Structure formats: structure tokens, C-alpha cells
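Below is one structure, written out as C-alpha cells; comments come after it.
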Amino acid sequence: MTAADLVEVLRQTKTEQLAREAIQATADAITSLNRGQLLKGNSRTGRVDTYRRMKYARAKATLNPGAGTPPDNVDLKVTGAFHRGMITKLNQDTIEIMSTDCKEKKLIGQYGEKVFGLNEENQAIYNQQHFAPEFMRRFQDATGL
């Protein structure tokens, strides 16, 4: 393959489409990382919040000691329905994480949109371990490189 051939192959490769396909194929990883983040009491910007009543916080801490210290970190999990209902969708220009659980609006109203989305650490994990390998596989399949 000449340099001109290589340039032509790269010019014809629809990298944006390949990226969208890679995101679609790895959307479950985004959801899983977001769930794990919440179980540690973390949002995309820091802590989700703290419980106002210490008695409830202690009871919750026995259910999920992984939410961290202090024991009053909010993990948004009691029955698990909110977490089980979490999905990631690729819209036209955005990646949307949401929950199909009926409590979604109430919880977002109370804790904010920050509960959805990956923090820097989890975004790096997603980029390196999920998105990049999937994108590269699709790129190699499309270009033969």
C-alpha cells in the first residue's frame, strides 16, 4: 500500500460512525461503571450526598458498607430497582444515562443529574478498557490496517 493509498483509505473511513458503533457496543460498560460508582456513594462530580438522619444512615451502612466513610453517604440503593433500571443510550450528539425506575424523577429532583455520568476515574477506565479496544477493532475491520 502506498502512502497515497493509505491517505485514501483513511479519508474514506467514517471514524465518527465507527466511534458511535463502539459506544453503542460498550454502553453496558458505561451503565455498569455508573452503578458501581453510586454504590461507593460517588456521583460524576464527587459525593452524591449524605443522609440527613443518622439512624437511617447507620441502617443503610449495614446494607452497603461500600458506600464509604462517613456511613451516611447516599448510594441510591434500597430495593435495587433504580440501579437495575439504569441504561445508557446514545442520542444524536449525547450519551444519556438514565433509569427506567419510577423513582428516577424523584431521586434526580432530590440529588440532581450528577448521579448519572462517570467521574474522571471511571471515564478513564471506560475509555481505555472498553471504548478504545472496541473502536480499534472496528477501525481495523473497516480499513484493513
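Chain labels follow the order of the C-alpha cells: the first chain is A, the next B, and so on; residue numbering restarts at 1 in every chain, and ligands are counted from 1 in their shown order.
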Skipping near chain neighbours, those fewer than 5 positions away, what residues fall within 10 Å of Asp49 of chain A using only C-alpha atoms, listed as a PyMOL selection string? chain A and resi 41-43+72-76+110-112+115
Suppose we keep C-alpha atoms; can you now write the selection as a compact mmCIF listing (two decimals), in the first residue's frame?
```txt
# COMPACT_ATOMS: atom_id res chain seq x y z
CA GLY A 41 -21.51 6.92 47.21
CA ASN A 42 -19.96 8.79 44.29
CA SER A 43 -21.52 10.88 41.54
CA ASP A 72 -24.11 8.49 55.69
CA ASN A 73 -23.05 8.57 52.02
CA VAL A 74 -26.02 8.19 49.67
CA ASP A 75 -25.81 5.21 47.30
CA LEU A 76 -29.35 5.40 45.84
CA GLN A 110 -33.51 15.34 45.31
CA TYR A 111 -29.89 14.62 44.32
CA GLY A 112 -29.54 16.18 40.87
CA VAL A 115 -25.91 10.87 39.76
```
Could you pull out all residues of chain A with a DSSP call of strand (DSSP E or B) and give them as a ChimeraX atom specification? /A:42,47,50,73,86-90,95-99
Export, as a CSV table (one decimal), in the first residue's frame, the selected residues with C-alpha atoms.
```csv
chain,number,residue,atom,x,y,z
A,42,ASN,CA,-20.0,8.8,44.3
A,47,ARG,CA,-20.2,12.5,46.6
A,50,THR,CA,-25.3,12.5,52.8
A,73,ASN,CA,-23.1,8.6,52.0
A,86,MET,CA,-30.2,2.1,34.7
A,87,ILE,CA,-29.5,2.2,31.0
A,88,THR,CA,-27.2,4.1,28.6
A,89,LYS,CA,-28.5,5.4,25.3
A,90,LEU,CA,-26.6,7.1,22.5
A,95,ILE,CA,-24.7,9.8,25.7
A,96,GLU,CA,-27.6,9.7,28.1
A,97,ILE,CA,-27.6,7.6,31.3
A,98,MET,CA,-31.0,7.2,33.0
A,99,SER,CA,-33.1,4.8,35.0
```
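The shortest atom-to-atom distance to Cys102 of chain A, with only C-alpha atoms taken into account, belongs to A:Ala81 out of A:Leu39, A:Ala4, A:Leu18, A:Ala81.
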Atom pair atom CA of Glu113 of chain A / atom CA of Ser32 of chain A: separation (Å): 17.2 Å
Between atom CA of His83 of chain A and atom CA of Ile108 of chain A, what is the spacing in Å? 13.2 Å
Per residue of segment 1-62 of chain A within 9 Å of segment 124-142 of chain A, what are the shortest atom pair and its distance in Å to one decimal, counting only C-alpha atoms, with rows by chain and residue number, as a Markdown table?
```
| residue | atom | partner | partner_atom | distance |
| --- | --- | --- | --- | --- |
| A:Thr13 | CA | A:Ala142 | CA | 7.0 |
| A:Lys14 | CA | A:Ala142 | CA | 8.8 |
| A:Thr15 | CA | A:Phe139 | CA | 7.5 |
| A:Leu18 | CA | A:Arg138 | CA | 6.4 |
| A:Ala19 | CA | A:Phe135 | CA | 6.0 |
| A:Arg20 | CA | A:Phe135 | CA | 8.9 |
| A:Glu21 | CA | A:Phe135 | CA | 8.0 |
| A:Ala22 | CA | A:Phe135 | CA | 5.2 |
| A:Ile23 | CA | A:Phe131 | CA | 6.4 |
| A:Ala25 | CA | A:Glu134 | CA | 7.8 |
| A:Thr26 | CA | A:His130 | CA | 6.3 |
| A:Ala29 | CA | A:Tyr126 | CA | 7.1 |
| A:Ile30 | CA | A:Tyr126 | CA | 6.8 |
| A:Leu33 | CA | A:Tyr126 | CA | 7.8 |
```
Apply DSSP to the backbone of this structure and, from chain A, keep only the residues in alpha helix (DSSP H); write these as a PyMOL selection string. chain A and resi 3-12+15-25+27-39+54-63+81-84+104-111+120-125+132-143
Please dump the current selection as a short mmCIF file (atom, residue, chain, number, x, y, z; two decimals), in the first residue's frame; keep C-alpha atoms.
```
data_model
loop_
_atom_site.label_atom_id
_atom_site.label_comp_id
_atom_site.auth_asym_id
_atom_site.auth_seq_id
_atom_site.Cartn_x
_atom_site.Cartn_y
_atom_site.Cartn_z
CA ALA A 3 1.18 6.49 1.11
CA ALA A 4 -1.46 7.80 -1.27
CA ASP A 5 -3.47 4.57 -0.85
CA LEU A 6 -3.22 4.91 2.91
CA VAL A 7 -4.41 8.51 2.78
CA GLU A 8 -7.36 7.47 0.61
CA VAL A 9 -8.32 4.62 2.97
CA LEU A 10 -8.22 6.99 5.93
CA ARG A 11 -10.19 9.65 4.04
CA GLN A 12 -12.95 7.19 3.25
CA THR A 15 -14.46 7.39 12.03
CA GLU A 16 -17.41 9.18 13.62
CA GLN A 17 -19.70 6.30 12.67
CA LEU A 18 -17.16 3.78 13.97
CA ALA A 19 -17.00 5.69 17.25
CA ARG A 20 -20.80 5.72 17.56
CA GLU A 21 -20.91 1.98 16.91
CA ALA A 22 -18.20 1.38 19.51
CA ILE A 23 -20.12 3.43 22.09
CA GLN A 24 -23.32 1.51 21.30
CA ALA A 25 -21.48 -1.79 21.68
CA ALA A 27 -22.98 1.09 26.52
CA ASP A 28 -23.48 -1.61 29.16
CA ALA A 29 -19.98 -0.92 30.46
CA ILE A 30 -20.90 2.75 30.98
CA THR A 31 -24.00 1.71 32.90
CA SER A 32 -22.07 -0.78 35.00
CA LEU A 33 -19.37 1.75 35.87
CA ASN A 34 -22.02 4.32 36.83
CA ARG A 35 -23.76 1.76 39.07
CA GLY A 36 -20.50 0.85 40.76
CA GLN A 37 -19.73 4.50 41.29
CA LEU A 38 -23.08 5.06 43.00
CA LEU A 39 -22.57 2.02 45.24
CA MET A 54 -28.00 9.37 61.21
CA LYS A 55 -30.24 6.49 62.31
CA TYR A 56 -31.20 5.83 58.68
CA ALA A 57 -27.58 6.32 57.60
CA ARG A 58 -26.41 3.61 60.03
CA ALA A 59 -29.12 1.22 58.81
CA LYS A 60 -28.12 1.88 55.19
CA ALA A 61 -24.45 1.39 56.03
CA THR A 62 -25.19 -2.15 57.19
CA LEU A 63 -26.84 -2.84 53.81
CA ALA A 81 -34.85 -1.13 41.27
CA PHE A 82 -33.24 2.23 40.47
CA HIS A 83 -29.88 0.57 39.82
CA ARG A 84 -31.39 -2.33 37.83
CA GLU A 104 -35.97 8.34 38.81
CA LYS A 105 -37.60 11.79 38.72
CA LYS A 106 -37.89 11.94 42.50
CA LEU A 107 -34.26 10.94 43.03
CA ILE A 108 -32.99 13.33 40.37
CA GLY A 109 -35.09 16.08 41.95
CA GLN A 110 -33.51 15.34 45.31
CA TYR A 111 -29.89 14.62 44.32
CA GLU A 120 -12.82 11.08 35.87
CA GLU A 121 -11.52 7.75 37.16
CA ASN A 122 -14.36 5.71 35.69
CA GLN A 123 -14.29 7.69 32.44
CA ALA A 124 -10.61 6.79 32.06
CA ILE A 125 -11.40 3.13 32.76
CA ALA A 132 -10.64 2.18 22.75
CA PRO A 133 -10.34 -1.58 22.14
CA GLU A 134 -13.81 -1.71 20.54
CA PHE A 135 -13.11 1.33 18.38
CA MET A 136 -9.73 -0.03 17.30
CA ARG A 137 -11.26 -3.40 16.37
CA ARG A 138 -13.89 -1.67 14.24
CA PHE A 139 -11.28 0.66 12.71
CA GLN A 140 -9.05 -2.26 11.79
CA ASP A 141 -12.00 -4.17 10.31
CA ALA A 142 -13.02 -1.13 8.25
CA THR A 143 -9.56 -0.22 6.99
#
```
